[in-house]
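work-v3.tsv, holding TSV, C-alpha atoms:
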```tsv
chain	number	residue	atom	x	y	z
P	26	MET	CA	-32.98	1.64	-30.29
P	27	LYS	CA	-32.05	3.76	-33.29
P	28	TYR	CA	-28.61	3.34	-34.87
P	29	ILE	CA	-26.85	4.22	-38.12
P	30	SER	CA	-26.38	1.26	-40.44
P	31	HIS	CA	-23.84	1.21	-43.27
P	32	GLU	CA	-25.05	-1.53	-45.58
P	33	GLY	CA	-24.11	-0.86	-49.18
P	34	GLY	CA	-21.78	1.93	-48.18
P	35	THR	CA	-24.55	4.41	-47.37
P	36	LEU	CA	-25.36	5.56	-43.85
P	37	ALA	CA	-29.02	5.35	-42.84
P	38	PHE	CA	-31.05	5.02	-39.66
P	39	SER	CA	-32.16	1.54	-38.61
P	40	GLU	CA	-33.59	-0.06	-35.49
P	41	THR	CA	-32.13	-2.79	-33.30
P	42	ASP	CA	-32.22	-4.02	-29.70
P	43	LYS	CA	-30.20	-2.33	-26.98
P	44	PRO	CA	-26.89	-4.08	-26.25
P	45	VAL	CA	-26.95	-6.83	-23.62
P	46	LEU	CA	-24.31	-5.94	-21.04
P	47	LYS	CA	-21.44	-8.18	-20.01
P	48	SER	CA	-20.55	-8.07	-16.33
P	49	HIS	CA	-17.67	-5.58	-16.83
P	50	GLU	CA	-19.61	-3.20	-19.10
P	51	VAL	CA	-21.86	-0.17	-18.74
P	52	LEU	CA	-24.64	1.04	-21.00
P	53	VAL	CA	-24.10	4.60	-22.18
P	54	LYS	CA	-26.79	6.86	-23.59
P	55	VAL	CA	-24.83	8.49	-26.40
P	56	SER	CA	-24.88	12.27	-26.75
P	57	ALA	CA	-22.03	12.87	-29.22
P	58	ILE	CA	-19.92	10.70	-31.52
P	59	GLY	CA	-16.38	11.31	-32.75
P	60	VAL	CA	-16.00	10.54	-36.47
P	61	ASN	CA	-12.81	8.81	-37.60
P	62	ARG	CA	-11.27	7.65	-40.87
P	63	ALA	CA	-11.64	4.10	-39.57
P	64	ASP	CA	-15.42	4.63	-39.70
P	65	CYS	CA	-15.18	5.64	-43.36
P	66	MET	CA	-13.06	2.59	-44.16
P	67	GLN	CA	-15.49	0.28	-42.34
P	68	ARG	CA	-18.41	1.82	-44.25
P	69	GLN	CA	-16.54	1.09	-47.49
P	70	GLY	CA	-16.02	-2.55	-46.48
P	71	LYS	CA	-12.24	-2.13	-46.03
P	72	TYR	CA	-11.97	-2.31	-42.23
P	73	PRO	CA	-14.35	-4.85	-40.68
P	74	ALA	CA	-14.87	-4.94	-36.94
P	75	PRO	CA	-12.63	-7.39	-35.06
P	76	ALA	CA	-14.32	-10.61	-33.94
P	77	GLY	CA	-16.48	-10.02	-30.89
P	78	ASP	CA	-16.79	-6.26	-31.35
P	79	SER	CA	-20.00	-4.51	-32.38
P	80	PRO	CA	-20.42	-4.40	-36.17
P	81	ILE	CA	-22.05	-0.96	-35.79
P	82	LEU	CA	-19.76	1.98	-36.66
P	83	GLY	CA	-18.23	4.25	-34.05
P	84	LEU	CA	-15.06	4.03	-31.96
P	85	GLU	CA	-15.53	6.90	-29.51
P	86	CYS	CA	-18.35	8.81	-27.87
P	87	ALA	CA	-19.46	10.96	-24.98
P	88	GLY	CA	-22.64	10.35	-23.04
P	89	THR	CA	-24.20	9.32	-19.75
P	90	VAL	CA	-24.00	5.95	-17.98
P	91	VAL	CA	-27.56	4.62	-17.56
P	92	GLU	CA	-27.02	0.96	-16.66
P	93	LEU	CA	-24.29	-1.12	-15.03
P	94	GLY	CA	-22.99	-4.63	-15.51
P	95	PHE	CA	-22.91	-6.87	-12.44
P	96	ASP	CA	-19.23	-6.27	-11.60
P	97	VAL	CA	-19.10	-2.51	-12.25
P	98	ASP	CA	-18.60	0.01	-9.44
P	99	LYS	CA	-21.99	1.56	-8.64
P	100	SER	CA	-20.49	5.07	-8.60
P	101	TRP	CA	-20.47	5.08	-12.43
P	102	LEU	CA	-24.27	5.26	-12.65
P	103	ASN	CA	-25.48	8.59	-14.13
P	104	LYS	CA	-21.89	9.81	-14.69
P	105	ARG	CA	-21.05	11.88	-17.76
P	106	ILE	CA	-18.25	10.05	-19.56
P	107	PHE	CA	-16.12	9.96	-22.68
P	108	SER	CA	-14.51	6.79	-23.91
P	109	LEU	CA	-13.20	4.54	-26.62
P	110	CYS	CA	-15.79	2.06	-27.84
P	111	ALA	CA	-15.31	-1.42	-29.30
P	112	GLY	CA	-17.60	-0.29	-32.11
P	113	GLY	CA	-21.23	0.66	-31.67
P	114	ALA	CA	-21.02	4.40	-31.00
P	115	TYR	CA	-23.28	5.35	-33.94
P	116	SER	CA	-26.25	4.40	-31.75
P	117	GLU	CA	-28.59	5.77	-29.12
P	118	TYR	CA	-26.99	3.36	-26.64
P	119	VAL	CA	-23.63	1.60	-26.59
P	120	ALA	CA	-22.01	-0.96	-24.29
P	121	ILE	CA	-18.54	0.04	-23.09
P	122	ASP	CA	-15.94	-1.66	-20.92
P	123	ALA	CA	-16.13	0.23	-17.60
P	124	LYS	CA	-12.35	0.28	-17.17
P	125	GLN	CA	-11.96	2.34	-20.33
P	126	LEU	CA	-14.33	5.09	-19.22
P	127	MET	CA	-13.10	8.57	-18.38
P	128	VAL	CA	-15.19	11.04	-16.40
P	129	LEU	CA	-16.20	14.02	-18.52
P	130	PRO	CA	-15.36	17.13	-16.46
P	131	ASP	CA	-18.22	19.54	-15.84
P	132	ASP	CA	-16.50	22.26	-17.87
P	133	LEU	CA	-16.31	20.11	-21.01
P	134	THR	CA	-19.22	19.70	-23.40
P	135	MET	CA	-20.34	16.37	-24.81
P	136	VAL	CA	-19.03	17.52	-28.20
P	137	GLU	CA	-15.58	18.15	-26.74
P	138	GLY	CA	-15.66	14.81	-24.94
P	139	ALA	CA	-16.49	12.97	-28.16
P	140	ALA	CA	-13.48	14.58	-29.84
P	141	ILE	CA	-10.91	13.32	-27.34
P	142	SER	CA	-10.68	9.57	-26.77
P	143	GLU	CA	-9.59	8.03	-30.06
P	144	VAL	CA	-7.19	10.79	-31.10
P	145	TYR	CA	-5.62	11.47	-27.71
P	146	LEU	CA	-5.10	7.78	-26.94
P	147	THR	CA	-3.69	7.17	-30.43
P	148	ALA	CA	-1.38	10.19	-30.25
P	149	PHE	CA	-0.30	9.39	-26.69
P	150	GLY	CA	0.52	5.78	-27.53
P	151	ALA	CA	2.44	6.81	-30.64
P	152	LEU	CA	4.42	9.71	-29.20
P	153	PHE	CA	5.16	8.55	-25.68
P	154	GLU	CA	4.71	4.78	-25.32
P	155	LEU	CA	6.23	3.84	-28.68
P	156	GLY	CA	7.97	7.09	-29.62
P	157	LYS	CA	9.57	7.56	-26.18
P	158	LEU	CA	9.45	11.34	-26.70
P	159	GLN	CA	11.32	13.30	-24.02
P	160	GLN	CA	11.63	16.92	-22.99
P	161	GLY	CA	14.01	18.80	-25.29
P	162	GLN	CA	13.56	16.38	-28.19
P	163	THR	CA	11.87	16.99	-31.55
P	164	ALA	CA	8.67	15.38	-32.80
P	165	LEU	CA	7.73	15.30	-36.49
P	166	ILE	CA	3.99	14.84	-36.97
P	167	HIS	CA	2.67	14.19	-40.45
P	168	ALA	CA	-0.97	15.14	-41.12
P	169	GLY	CA	-0.53	17.65	-38.34
P	170	ALA	CA	-3.92	19.29	-38.88
P	171	SER	CA	-5.81	16.03	-38.34
P	172	GLY	CA	-7.49	15.02	-35.11
P	173	VAL	CA	-4.55	12.84	-34.08
P	174	GLY	CA	-2.14	15.54	-35.26
P	175	GLY	CA	-3.80	18.21	-33.13
P	176	ALA	CA	-3.70	16.00	-30.04
P	177	ALA	CA	-0.08	15.05	-30.72
P	178	ILE	CA	1.00	18.69	-31.14
P	179	GLN	CA	-0.47	19.75	-27.83
P	180	MET	CA	0.75	16.81	-25.75
P	181	ALA	CA	4.22	17.06	-27.27
P	182	LYS	CA	4.37	20.75	-26.36
P	183	SER	CA	3.20	19.93	-22.82
P	184	ALA	CA	6.13	17.51	-22.60
P	185	GLY	CA	8.59	20.22	-23.60
P	186	ALA	CA	9.33	19.00	-27.12
P	187	THR	CA	9.88	20.95	-30.32
P	188	VAL	CA	7.09	20.15	-32.78
P	189	VAL	CA	7.36	20.03	-36.57
P	190	ILE	CA	4.27	19.18	-38.63
P	191	THR	CA	3.38	18.68	-42.25
P	192	ALA	CA	-0.04	19.46	-43.73
P	193	GLY	CA	-1.55	19.95	-47.18
P	194	SER	CA	-2.44	23.66	-47.20
P	195	ASP	CA	-1.32	26.97	-45.77
P	196	GLU	CA	-4.62	27.15	-43.88
P	197	LYS	CA	-3.99	23.80	-42.21
P	198	CYS	CA	-0.44	24.84	-41.38
P	199	LYS	CA	-1.79	27.99	-39.77
P	200	HIS	CA	-4.25	25.88	-37.78
P	201	ALA	CA	-1.44	23.62	-36.54
P	202	LYS	CA	0.65	26.63	-35.52
P	203	ALA	CA	-2.31	27.94	-33.53
P	204	LEU	CA	-2.34	24.62	-31.66
P	205	GLY	CA	1.32	25.08	-30.75
P	206	ALA	CA	3.42	23.65	-33.60
P	207	ASP	CA	6.83	25.32	-33.80
P	208	HIS	CA	7.28	24.58	-37.51
P	209	ALA	CA	4.48	23.92	-40.02
P	210	ILE	CA	5.38	22.73	-43.53
P	211	ASN	CA	2.96	22.74	-46.46
P	212	TYR	CA	4.13	19.55	-48.17
P	213	LYS	CA	2.53	20.60	-51.46
P	214	THR	CA	4.84	23.59	-51.77
P	215	THR	CA	7.85	22.70	-49.58
P	216	ASP	CA	9.85	19.49	-49.23
P	217	PHE	CA	9.93	18.69	-45.52
P	218	VAL	CA	13.38	17.09	-45.75
P	219	GLU	CA	14.87	20.23	-47.30
P	220	TYR	CA	13.09	22.43	-44.75
P	221	MET	CA	14.28	20.42	-41.76
P	222	GLN	CA	17.84	20.21	-43.05
P	223	ALA	CA	17.89	23.96	-43.72
P	224	ASN	CA	16.67	24.59	-40.17
P	225	GLU	CA	19.02	22.00	-38.62
P	226	LEU	CA	16.14	19.92	-37.27
P	227	LEU	CA	16.39	16.20	-36.55
P	228	ALA	CA	13.38	14.20	-35.40
P	229	ASN	CA	13.53	11.89	-32.39
P	230	ALA	CA	9.95	10.63	-32.83
P	231	ILE	CA	7.96	10.64	-36.07
P	232	VAL	CA	4.21	10.01	-36.19
P	233	ASP	CA	3.34	9.00	-39.75
P	234	PRO	CA	-0.05	8.06	-41.23
P	235	VAL	CA	1.33	8.60	-44.76
P	236	SER	CA	4.11	5.98	-45.05
P	237	GLY	CA	4.99	4.83	-48.59
P	238	SER	CA	7.52	7.24	-50.03
P	239	TYR	CA	7.75	9.03	-46.68
P	240	LEU	CA	9.75	6.22	-45.03
P	241	ASN	CA	13.04	7.06	-46.74
P	242	LYS	CA	12.37	10.79	-46.35
P	243	ASN	CA	11.74	10.29	-42.65
P	244	ALA	CA	15.02	8.43	-42.35
P	245	ALA	CA	16.86	11.33	-43.96
P	246	ILE	CA	15.90	13.73	-41.15
P	247	ALA	CA	15.80	11.23	-38.29
P	248	ALA	CA	18.05	11.63	-35.28
P	249	MET	CA	20.05	8.68	-33.96
P	250	ASP	CA	17.76	6.09	-32.33
P	251	CYS	CA	14.68	7.76	-33.83
P	252	GLN	CA	11.33	6.03	-33.35
P	253	ILE	CA	9.05	6.06	-36.43
P	254	ILE	CA	5.42	5.15	-35.71
P	255	MET	CA	3.29	4.26	-38.74
P	256	LEU	CA	-0.44	4.72	-38.10
P	257	ALA	CA	-1.71	4.27	-41.68
P	258	PHE	CA	-0.46	4.15	-45.28
P	259	LEU	CA	-2.19	6.98	-47.11
P	260	ASP	CA	0.64	7.07	-49.68
P	261	GLY	CA	0.24	3.39	-50.53
P	262	ARG	CA	0.99	-0.07	-49.20
P	263	PHE	CA	4.38	-0.61	-50.79
P	264	ALA	CA	7.70	1.24	-50.91
P	265	GLU	CA	11.37	0.59	-51.54
P	266	VAL	CA	13.31	1.04	-48.31
P	267	ASP	CA	16.94	2.05	-47.84
P	268	PHE	CA	17.79	-0.29	-44.99
P	269	ALA	CA	21.30	1.14	-44.75
P	270	ALA	CA	19.81	4.48	-43.67
P	271	LEU	CA	17.76	2.75	-40.98
P	272	LEU	CA	20.76	0.81	-39.70
P	273	ARG	CA	23.10	3.79	-39.80
P	274	LYS	CA	20.85	5.73	-37.42
P	275	ARG	CA	19.54	2.71	-35.46
P	276	ILE	CA	16.00	3.73	-36.41
P	277	SER	CA	13.12	1.75	-34.88
P	278	PHE	CA	9.99	1.35	-36.99
P	279	HIS	CA	6.64	0.58	-35.37
P	280	ALA	CA	3.39	-0.26	-37.14
P	281	SER	CA	0.63	0.60	-34.71
P	282	THR	CA	-3.16	0.34	-34.67
P	283	LEU	CA	-5.44	0.78	-31.68
P	284	ARG	CA	-8.71	-0.83	-32.71
P	285	ASN	CA	-7.54	-4.44	-32.73
P	286	ARG	CA	-5.58	-4.21	-29.47
P	287	SER	CA	-6.63	-6.33	-26.52
P	288	ILE	CA	-9.00	-4.99	-23.89
P	289	GLU	CA	-6.11	-5.17	-21.39
P	290	PHE	CA	-3.91	-3.02	-23.64
P	291	LYS	CA	-6.63	-0.39	-24.05
P	292	ARG	CA	-7.26	-0.29	-20.30
P	293	GLN	CA	-3.57	0.25	-19.60
P	294	LEU	CA	-3.27	2.92	-22.31
P	295	ARG	CA	-6.27	4.71	-20.81
P	296	ASP	CA	-4.70	4.54	-17.35
P	297	ASP	CA	-1.36	5.87	-18.62
P	298	LEU	CA	-3.02	8.77	-20.47
P	299	VAL	CA	-5.12	9.66	-17.42
P	300	ALA	CA	-2.07	9.60	-15.14
P	301	ARG	CA	-0.06	11.94	-17.35
P	302	PHE	CA	-2.51	14.21	-19.17
P	303	TYR	CA	-6.02	13.97	-17.69
P	304	ASN	CA	-5.51	17.04	-15.53
P	305	ASP	CA	-4.53	19.06	-18.62
P	306	ILE	CA	-7.69	17.78	-20.34
P	307	ALA	CA	-9.93	18.49	-17.34
P	308	THR	CA	-8.61	22.03	-16.94
P	309	LYS	CA	-9.06	22.70	-20.67
P	310	LYS	CA	-5.39	23.34	-21.22
P	311	TYR	CA	-5.95	21.94	-24.71
P	312	ASP	CA	-8.00	23.01	-27.68
P	313	PHE	CA	-10.05	19.91	-28.46
P	314	ASN	CA	-9.87	20.81	-32.10
P	315	VAL	CA	-13.47	20.41	-33.25
P	316	TYR	CA	-13.72	21.33	-36.92
P	317	LYS	CA	-17.46	20.84	-37.35
P	318	THR	CA	-20.45	19.54	-35.41
P	319	LEU	CA	-23.32	17.96	-37.33
P	320	PRO	CA	-26.55	16.21	-36.34
P	321	TRP	CA	-26.18	12.47	-36.68
P	322	SER	CA	-28.76	12.54	-39.46
P	323	ASP	CA	-25.94	14.17	-41.49
P	324	ALA	CA	-23.51	11.29	-40.95
P	325	ASN	CA	-23.00	10.86	-44.70
P	326	GLU	CA	-21.79	14.46	-44.94
P	327	ALA	CA	-19.49	13.93	-41.94
P	328	HIS	CA	-17.84	11.04	-43.75
P	329	ALA	CA	-17.63	13.06	-46.96
P	330	ILE	CA	-15.77	15.84	-45.11
P	331	LEU	CA	-13.11	13.36	-43.99
P	332	GLU	CA	-12.90	11.72	-47.40
P	333	ARG	CA	-12.40	15.11	-49.08
P	334	ASN	CA	-9.60	15.74	-46.57
P	335	GLU	CA	-11.34	19.02	-45.84
P	336	ASN	CA	-11.20	19.06	-42.06
P	337	ALA	CA	-8.61	20.63	-39.82
P	338	GLY	CA	-9.55	18.83	-36.61
P	339	LYS	CA	-12.39	16.57	-35.53
P	340	VAL	CA	-15.87	16.14	-36.95
P	341	VAL	CA	-18.45	15.29	-34.29
P	342	LEU	CA	-22.02	13.99	-34.65
P	343	LEU	CA	-24.67	15.11	-32.16
P	344	VAL	CA	-27.28	12.48	-31.29
P	345	GLU	CA	-30.71	14.12	-31.31
```

Written form, structure tokens:
Amino acid sequence: MKYISHEGGTLAFSETDKPVLKSHEVLVKVSAIGVNRADCMQRQGKYPAPAGDSPILGLECAGTVVELGFDVDKSWLNKRIFSLCAGGAYSEYVAIDAKQLMVLPDDLTMVEGAAISEVYLTAFGALFELGKLQQGQTALIHAGASGVGGAAIQMAKSAGATVVITAGSDEKCKHAKALGADHAINYKTTDFVEYMQANELLANAIVDPVSGSYLNKNAAIAAMDCQIIMLAFLDGRFAEVDFAALLRKRISFHASTLRNRSIEFKRQLRDDLVARFYNDIATKKYDFNVYKTLPWSDANEAHAILERNENAGKVVLLVE
């Protein structure tokens, strides 16, 4: 089968054998691939695949089930699906744990399906399972025009929360407002702490891929018992922390990644998302926030778009 290799930091087509299925897996013929920053980091040699996972890039896809492992329910055969992948999505075929599959509704395209799994599961886990966000509370979402940001905005609004986001341009702020954000702050021109204090806003849950200098700023506008969920550290690995501010407000700080979670964790997260939000997904209540669709032969450009921080939303590769 054809796949995209990343040796030397450059993406190029190569050939390999189809995956050999484990008893709990299905083989999916890939139609569309969601591109994530994790893919860029893995290409650069900074984020190797966990032991046992496919070394091929790609953490989410949409496609069609064409083969079943011995223990998989036969009803999955020929189903259109979207799913997380334990690597391997940048391929014509990928093996996926059957209990992480989600049926792709007839009204959703493969491109839309490929744009959902990683960002919606990440945002759901951050906002609701760790962030404990409730109706009437306020969520602060940094990088609000990203794929995860767009998913977080829309699910938080569905839950009845007030949503504040930060983004790096007026255009991205406008995009986030179109997705439902109540307040959109261009961090390059406006200090989000000053804005939130001026508007008497306190955050109950904060989703933060920036970290670094943002930790103390987050604490300044956190409500009592605020949950801060760190997804990445775009501002750097190290920071001085005012622990008194964290203690004074009983702030909880969570460092969360999805890729290296256990298969049992991912199955449960999938089940929890499906129970609460699948109907909203299936009925297209959400904008799936696709910034650009490219043929998978243009995978290098897809990565460049993310690395330039150009995109407002998801970049998706179409398998030809």

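Proximity ranking of P:Ile81, P:Ile58, P:Ile178, P:Ala123 relative to Leu102 in chain P places P:Ala123 first, based on all atoms listed in the file.
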
Considering all atoms listed in the file, return as a VMD selection string whatever protein or nucleic-acid residues lie within 12 Å of Ala181 in chain P, sequence-local ones (same chain, fewer than 6 positions apart) excluded. chain P and resid 145 148 to 153 156 to 166 173 to 175 187 to 190 204 to 207 229 to 232 301 to 302 311

May I ask for the distance between CA of Val235 in chain P and CA of His167 in chain P, given in Å to one decimal place?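 CA of His167 in chain P lies at a distance of 7.2 Å from CA of Val235 in chain P.
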
For CA of Thr35 in chain P and CA of Gln69 in chain P, quote the distance in Å rounded to one decimal.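 It comes out at 8.7 Å.
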
Residue with the minimum atom-to-atom distance to Ala177 in chain P, picked from P:Glu137, P:Asp260, P:Asp312, P:Asp195 with all atoms listed in the file counted, is P:Asp312

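Going from CA of Ser48 in chain P over to CA of Gly94 in chain P, you cover 4.3 Å.
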
Per residue of range 188-265 of chain P within 12 Å of range 281-300 of chain P, which atom pair is closest and at what distance in Å (one decimal), using all atoms listed in the file, listed by chain and increasing number, as CSV?
```
residue,atom,partner,partner_atom,distance
P:Val232,CA,P:Ser281,CA,10.2
P:Asp233,CA,P:Ser281,CA,10.2
P:Pro234,CA,P:Ser281,CA,9.9
P:Ile253,CA,P:Ser281,CA,10.2
P:Ile254,CA,P:Ser281,CA,6.7
P:Met255,CA,P:Ser281,CA,6.1
P:Leu256,CA,P:Ser281,CA,5.4
P:Ala257,CA,P:Thr282,CA,8.2
P:Phe258,CA,P:Ser281,CA,11.2
```

Can you write just those residues out, C-alpha atoms, as a PDB file, in the coordinates of the input?
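Output (again_25.pdb):
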```
ATOM      1  CA  VAL P 232       4.210  10.010 -36.190  1.00  0.00           C
ATOM      2  CA  ASP P 233       3.340   9.000 -39.750  1.00  0.00           C
ATOM      3  CA  PRO P 234      -0.050   8.060 -41.230  1.00  0.00           C
ATOM      4  CA  ILE P 253       9.050   6.060 -36.430  1.00  0.00           C
ATOM      5  CA  ILE P 254       5.420   5.150 -35.710  1.00  0.00           C
ATOM      6  CA  MET P 255       3.290   4.260 -38.740  1.00  0.00           C
ATOM      7  CA  LEU P 256      -0.440   4.720 -38.100  1.00  0.00           C
ATOM      8  CA  ALA P 257      -1.710   4.270 -41.680  1.00  0.00           C
ATOM      9  CA  PHE P 258      -0.460   4.150 -45.280  1.00  0.00           C
TER      10      PHE P 258
END
```

Using only C-alpha atoms - which residues lie no farther than 7 Å from the point (19.6, 1.9, -32.6) in the file's frame? Write them as a VMD selection string. chain P and resid 249 to 250 274 to 277

Might you pull out every residue within 8 Å of Leu82 in chain P, with all atoms listed in the file counted and same-chain residues fewer than 5 positions away left off, and present them as a list in words?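 The residues satisfying every condition are Ile29, Ser30, His31, Asp64, Gln67, Arg68, Gly112, Gly113, Ala114 and Tyr115 of chain P.
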
Which residue out of P:Cys110, P:Ile210, P:Val51, P:Ile330 has the minimum interatomic distance to Gly169 in chain P when only C-alpha atoms are used? P:Ile210

Please give the centre and size of the box around range 122-132 of chain P (axis-aligned, containing every atom listed in the file, 4 Å added per side), with values in Å to one decimal and written as lines of an AutoDock Vina configuration file.
```
center_x = -15.1
center_y = 10.3
center_z = -18.4
size_x = 14.3
size_y = 31.9
size_z = 13.1
```

Measuring atom to atom with all atoms listed in the file, identify which of P:Lys104, P:Leu84, P:Asp122, P:Phe95 is nearest to Arg62 in chain P. P:Leu84

Would you mind telling me which residue in P:Glu117, P:Glu196, P:Asp78, P:Glu50 lies nearest to Val344 in chain P when using only C-alpha atoms?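 Smallest separation from Val344 in chain P among the options: P:Glu117.
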
Out of P:Cys251, P:Ala209, P:Met127, P:Ala76, which residue has the shortest atom-to-atom distance to Ala168 in chain P when counting all atoms listed in the file? P:Ala209
